[in-house]
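*Asks:* Handing over upload.cif, mmCIF, C-alpha atoms.
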```
data_structure
#
loop_
_atom_site.label_atom_id
_atom_site.label_comp_id
_atom_site.auth_asym_id
_atom_site.auth_seq_id
_atom_site.Cartn_x
_atom_site.Cartn_y
_atom_site.Cartn_z
CA MET H 219 52.64 -91.78 -5.31
CA LYS H 220 51.84 -95.02 -3.45
CA LYS H 221 48.36 -95.14 -1.92
CA LYS H 222 46.64 -97.97 -0.11
CA ILE H 223 43.12 -97.68 1.34
CA GLU H 224 41.38 -100.71 2.80
CA ILE H 225 38.84 -102.13 5.19
CA VAL H 226 40.31 -105.45 6.37
CA ASP H 227 39.48 -108.33 8.71
CA SER H 228 42.82 -108.01 10.48
CA ILE H 229 45.74 -105.62 10.21
CA ASP H 230 49.11 -107.09 9.24
CA ILE H 231 51.75 -104.83 10.79
CA SER H 232 54.65 -106.79 9.24
CA LYS H 233 54.03 -105.38 5.75
CA ILE H 234 53.98 -101.70 6.68
CA TYR H 235 57.61 -100.89 5.87
CA SER H 236 57.45 -102.19 2.31
CA GLU H 237 54.06 -100.58 1.80
CA LEU H 238 55.33 -97.12 2.74
CA SER H 239 59.02 -97.15 1.77
CA HIS H 240 59.80 -94.99 -1.25
CA PRO H 241 63.07 -93.96 -2.94
CA ALA H 242 62.21 -90.23 -2.66
CA SER H 243 61.33 -90.45 1.05
CA GLY H 244 63.65 -89.78 3.96
CA GLY H 245 61.17 -90.83 6.62
CA ILE H 246 58.08 -92.87 7.39
CA CYS H 247 55.56 -92.13 10.12
CA VAL H 248 52.96 -94.69 11.25
CA PHE H 249 50.13 -94.61 13.80
CA ILE H 250 48.53 -97.85 14.98
CA GLY H 251 45.35 -97.73 17.06
CA THR H 252 44.91 -100.73 19.38
CA VAL H 253 42.31 -102.14 21.78
CA ARG H 254 42.81 -100.77 25.31
CA GLU H 255 41.82 -102.88 28.28
CA GLN H 256 40.41 -100.06 30.41
CA THR H 257 37.89 -97.39 29.47
CA GLN H 258 36.36 -95.06 32.07
CA GLN H 259 37.34 -97.42 34.90
CA GLN H 260 35.70 -100.42 33.26
CA THR H 261 37.45 -103.50 31.97
CA VAL H 262 36.97 -104.18 28.28
CA ASN H 263 37.02 -107.77 27.01
CA SER H 264 36.78 -106.97 23.32
CA LEU H 265 35.54 -104.47 20.76
CA PHE H 266 33.38 -105.08 17.73
CA PHE H 267 33.67 -102.85 14.65
CA GLU H 268 31.18 -102.51 11.83
CA THR H 269 31.27 -100.23 8.80
CA TYR H 270 29.35 -98.93 5.84
CA GLU H 271 32.18 -100.21 3.71
CA THR H 272 31.61 -98.60 0.33
CA MET H 273 31.20 -95.15 1.89
CA ALA H 274 34.05 -95.72 4.37
CA VAL H 275 36.47 -96.49 1.54
CA LYS H 276 35.31 -93.38 -0.36
CA GLU H 277 35.83 -91.15 2.73
CA MET H 278 39.26 -92.69 3.38
CA HIS H 279 40.27 -91.90 -0.23
CA LYS H 280 39.10 -88.31 0.23
CA ILE H 281 41.13 -87.96 3.44
CA ALA H 282 44.22 -89.39 1.72
CA ASP H 283 43.78 -86.99 -1.20
CA GLU H 284 43.36 -84.01 1.15
CA ALA H 285 46.59 -84.96 2.94
CA THR H 286 48.44 -85.41 -0.36
CA LYS H 287 47.42 -81.89 -1.41
CA ARG H 288 48.49 -80.31 1.89
CA TRP H 289 51.80 -82.08 2.48
CA ASN H 290 54.63 -83.37 0.33
CA LEU H 291 54.01 -87.12 0.60
CA ASN H 292 55.28 -90.04 -1.49
CA SER H 293 53.19 -92.80 0.04
CA ILE H 294 50.09 -93.04 2.18
CA ILE H 295 48.09 -95.80 3.84
CA LEU H 296 44.76 -95.97 5.70
CA GLN H 297 43.51 -99.34 6.93
CA HIS H 298 40.72 -100.12 9.38
CA ALA H 299 39.77 -103.53 10.69
CA VAL H 300 36.22 -104.81 11.22
CA GLY H 301 34.77 -107.60 13.35
CA LYS H 302 35.67 -108.65 16.88
CA LYS H 303 39.01 -107.40 18.22
CA ASN H 304 40.65 -108.38 21.50
CA VAL H 305 42.81 -106.33 23.88
CA GLU H 306 46.16 -105.34 22.26
CA GLU H 307 44.98 -106.13 18.73
CA ALA H 308 45.48 -103.45 16.05
CA VAL H 309 42.26 -101.90 14.77
CA VAL H 310 43.45 -98.98 12.67
CA LEU H 311 46.66 -98.19 10.81
CA VAL H 312 47.54 -94.91 9.11
CA GLY H 313 50.90 -93.81 7.78
CA ALA H 314 52.78 -91.72 5.27
CA SER H 315 56.28 -91.21 3.93
CA SER H 316 57.82 -87.92 2.83
CA PRO H 317 61.19 -86.44 1.79
CA HIS H 318 61.57 -84.82 5.26
CA ARG H 319 60.01 -85.88 8.55
CA ASP H 320 57.82 -82.83 9.29
CA ASP H 321 55.42 -83.64 6.46
CA CYS H 322 54.81 -87.28 7.39
CA PHE H 323 54.48 -86.51 11.15
CA THR H 324 51.88 -83.80 10.52
CA ALA H 325 50.05 -85.78 7.85
CA CYS H 326 49.84 -88.86 10.08
CA ARG H 327 48.13 -86.84 12.83
CA TYR H 328 45.68 -85.43 10.29
CA LEU H 329 44.92 -88.90 8.89
CA ILE H 330 43.95 -90.47 12.21
CA ASP H 331 42.09 -87.43 13.57
CA THR H 332 40.05 -86.99 10.39
CA LEU H 333 39.36 -90.73 10.04
CA LYS H 334 37.90 -90.75 13.55
CA GLU H 335 35.68 -87.74 12.78
CA ARG H 336 34.31 -88.70 9.39
CA VAL H 337 34.68 -92.34 8.35
CA PRO H 338 31.47 -94.36 8.89
CA ILE H 339 32.77 -97.01 11.30
CA TRP H 340 31.13 -97.90 14.62
CA LYS H 341 32.54 -99.62 17.64
CA LYS H 342 30.78 -101.61 20.32
CA GLU H 343 32.48 -102.23 23.64
CA PHE H 344 32.06 -105.58 25.40
CA PHE H 345 32.76 -105.21 29.11
CA GLU H 346 33.86 -107.78 31.69
CA ASN H 347 30.50 -107.34 33.47
CA THR H 348 28.78 -108.49 30.22
CA ASP H 349 27.43 -105.07 29.25
CA GLU H 350 27.60 -104.19 25.55
CA VAL H 351 27.65 -100.53 24.55
CA TRP H 352 27.83 -98.78 21.18
CA VAL H 353 30.40 -96.01 21.57
CA THR H 354 28.99 -92.68 20.52
CA PRO H 355 31.51 -89.95 21.33
CA HIS H 356 34.95 -89.89 19.72
CA PRO H 357 37.55 -88.51 22.15
CA MET K 172 14.92 -95.70 -2.35
CA LYS K 173 16.88 -97.90 0.01
CA ILE K 174 17.48 -96.83 3.65
CA LEU K 175 20.37 -98.49 5.50
CA LEU K 176 20.99 -98.40 9.24
CA PHE K 177 24.22 -98.87 11.17
CA GLY K 178 25.53 -99.10 14.74
CA ILE K 179 23.22 -97.82 17.43
CA ALA K 180 20.66 -96.62 14.85
CA LYS K 181 20.23 -100.23 13.73
CA GLU K 182 19.71 -101.27 17.34
CA ILE K 183 17.15 -98.51 17.96
CA ALA K 184 15.12 -99.47 14.89
CA GLY K 185 15.60 -103.21 15.42
CA LYS K 186 16.53 -103.76 11.75
CA SER K 187 19.28 -102.95 9.28
CA VAL K 188 17.12 -101.78 6.37
CA LEU K 189 14.04 -99.55 6.63
CA ASP K 190 10.92 -99.78 4.50
CA ALA K 191 11.27 -96.77 2.23
CA SER K 192 7.51 -96.47 1.76
CA GLU K 193 7.25 -95.27 5.38
CA PHE K 194 9.42 -92.31 4.42
CA SER K 195 7.76 -91.36 1.13
CA GLU K 196 6.60 -88.02 2.60
CA ALA K 197 10.24 -86.96 3.15
CA LYS K 198 11.41 -84.89 0.20
CA ASN K 199 14.84 -84.00 1.52
CA VAL K 200 17.43 -85.09 4.08
CA GLY K 201 16.13 -82.79 6.84
CA GLU K 202 12.58 -84.17 6.50
CA LEU K 203 13.84 -87.75 6.48
CA LYS K 204 15.74 -87.13 9.73
CA LYS K 205 12.60 -85.64 11.26
CA VAL K 206 10.43 -88.62 10.25
CA PHE K 207 13.07 -91.07 11.51
CA LYS K 208 13.18 -89.35 14.92
CA GLU K 209 9.36 -89.33 15.11
CA ARG K 210 9.20 -93.07 14.35
CA TYR K 211 12.09 -93.88 16.69
CA PRO K 212 12.13 -91.28 19.52
CA GLU K 213 15.25 -92.93 21.04
CA ALA K 214 17.20 -91.52 18.09
CA SER K 215 16.64 -87.96 19.40
CA LYS K 216 18.91 -88.77 22.34
CA LEU K 217 21.95 -89.30 20.08
CA SER K 218 24.55 -86.53 20.13
CA SER K 219 24.33 -86.28 16.34
CA LEU K 220 22.61 -87.94 13.42
CA ALA K 221 23.97 -87.59 9.90
CA ILE K 222 22.53 -88.81 6.62
CA ALA K 223 24.45 -90.06 3.62
CA VAL K 224 22.93 -90.10 0.16
CA ASN K 225 24.66 -92.36 -2.36
CA GLU K 226 27.64 -92.80 -0.03
CA GLU K 227 28.25 -89.06 0.56
CA TYR K 228 27.32 -86.98 3.62
CA ALA K 229 24.34 -84.80 2.67
CA GLU K 230 23.01 -81.52 4.11
CA ASP K 231 19.39 -81.06 5.27
CA ASP K 232 18.31 -79.34 2.03
CA HIS K 233 19.63 -82.16 -0.18
CA LYS K 234 16.71 -83.58 -2.20
CA ILE K 235 16.03 -87.33 -2.08
CA SER K 236 15.07 -89.25 -5.23
CA THR K 237 13.53 -92.69 -5.63
CA GLY K 238 16.73 -94.40 -6.83
CA ASP K 239 18.89 -93.11 -3.95
CA GLU K 240 20.72 -95.22 -1.40
CA VAL K 241 20.25 -93.41 1.91
CA ALA K 242 22.11 -94.28 5.13
CA ILE K 243 21.35 -93.22 8.68
CA ILE K 244 24.73 -92.40 10.26
CA PRO K 245 24.80 -92.23 14.08
CA PRO K 246 27.93 -90.71 15.71
CA VAL K 247 30.94 -92.52 14.23
CA SER K 248 33.47 -94.18 16.54
CA GLY K 249 36.22 -95.71 14.43
CA GLY K 250 39.86 -95.85 15.49
#
```
Show the structure stored in the file as structure tokens.

*Replies:*
Amino acid sequence: MKKKIEIVDSIDISKIYSELSHPASGGICVFIGTVREQTQQQTVNSLFFETYETMAVKEMHKIADEATKRWNLNSIILQHAVGKKNVEEAVVLVGASSPHRDDCFTACRYLIDTLKERVPIWKKEFFENTDEVWVTPHP
Amino acid sequence: MKILLFGIAKEIAGKSVLDASEFSEAKNVGELKKVFKERYPEASKLSSLAIAVNEEYAEDDHKISTGDEVAIIPPVSGG
């Protein structure tokens, strides 16, 4: 079982294939969350992420372990970036590999949805009109 | 006891660490939440407020001890 859990300054997409590839896997599924320019009809310049890192890493490990119990996975990754992120930059990366595709597709959905619900990370939106707002809901 | 603040909770309180002596009357997580909201009424407007004790989410009846690291967790918004 390959497992990688990290809070990082920036997400390096180029390494993802080697991080998830596994001889017993027939498929890899990856979700990358990125900074969107528009939110509720307002233009976003950048986002700022902060975390309670020690707890965030613990929660991410728990989520990975839950997924490993529920689905037949050979590798799993959860990474979240912190600091200022501009439009189009990657902020979160989750992925898994499995012998057959159903398991990694379903697990990947679970990883991102559960991360957004539970992991102590907060995002502030910086708008074009200079407003700054801590985001409180998680759609 | 150490009380850490994050995100909007940090902004409401105007600091990232709270003076634990102000919360000495709180014996458990539920009481600590109540005292925090009394001190900082803005916090009552948040859609949720969770507490972590020693890096784990804790229920209202969870007892707090002097050596604990407590964190005030406003609604999370990662991803």

*Asks:* Take the PyMOL selection byres ((chain K) within 7 of (chain H)), apply it to the structure above, and return the hits as an NGL selection string.

*Replies:* :K and (178-179 or 226-227 or 246-250)

*Asks:* Between atom CA of Leu203 of chain K and atom CA of Ala191 of chain K, what is the spacing in Å?

*Replies:*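 Between these atoms lies a distance of 10.3 Å.
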
*Asks:* For atom CA of Asn225 of chain K and atom CA of Ala242 of chain K, quote the distance in Å rounded to one decimal.

*Replies:*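 If I compute the distance from atom CA of Asn225 of chain K to atom CA of Ala242 of chain K, I get 8.1 Å.
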
*Asks:* Nearest to Ala180 of chain K: which of K:Tyr211, K:Ala229, K:Glu240, K:Lys234 is it, counting all atoms listed in the file?

*Replies:*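 Result for the nearest residue to Ala180 of chain K: K:Tyr211.
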
*Asks:* When you draw a straight line from atom CA of Arg254 of chain H to atom CA of Arg327 of chain H, how long is it in Å?

*Replies:*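 Separation between atom CA of Arg254 of chain H and atom CA of Arg327 of chain H: 19.4 Å.
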
*Asks:* I want to know what sits within 12 Å of Tyr328 of chain H, based on all atoms listed in the file, with residues of the same chain fewer than 5 positions away left out; could you give that as a ChimeraX atom specification?

*Replies:* /H:247-249,278,281-286,288-289,294,296,312-314,321-323,333-336

*Asks:* Take the PyMOL selection byres ((chain K and resi 232) around 10), apply it to the structure above, and return the hits as a list of chain:residue names.

*Replies:*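 Against this file, the PyMOL selection byres ((chain K and resi 232) around 10) returns the residues K:Lys198, K:Asn199, K:Val200, K:Gly201, K:Glu202, K:Ala229, K:Glu230, K:Asp231, K:His233, K:Lys234, K:Ile235.
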
*Asks:* Restricting it to C-alpha atoms, dump the selection as a PDB file, in the coordinates of the input.

*Replies:*
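Output saved as again_21.pdb:
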```
ATOM      1  CA  LYS K 198      11.410 -84.890   0.200  1.00  0.00           C
ATOM      2  CA  ASN K 199      14.840 -84.000   1.520  1.00  0.00           C
ATOM      3  CA  VAL K 200      17.430 -85.090   4.080  1.00  0.00           C
ATOM      4  CA  GLY K 201      16.130 -82.790   6.840  1.00  0.00           C
ATOM      5  CA  GLU K 202      12.580 -84.170   6.500  1.00  0.00           C
ATOM      6  CA  ALA K 229      24.340 -84.800   2.670  1.00  0.00           C
ATOM      7  CA  GLU K 230      23.010 -81.520   4.110  1.00  0.00           C
ATOM      8  CA  ASP K 231      19.390 -81.060   5.270  1.00  0.00           C
ATOM      9  CA  HIS K 233      19.630 -82.160  -0.180  1.00  0.00           C
ATOM     10  CA  LYS K 234      16.710 -83.580  -2.200  1.00  0.00           C
ATOM     11  CA  ILE K 235      16.030 -87.330  -2.080  1.00  0.00           C
TER      12      ILE K 235
END
```

*Asks:* For the provided coordinates, the residues matched by the PyMOL selection byres ((chain H and resi 235-244) around 6) should be stated as a VMD selection string.

*Replies:* chain H and resid 233 to 234 245 293 315 to 318
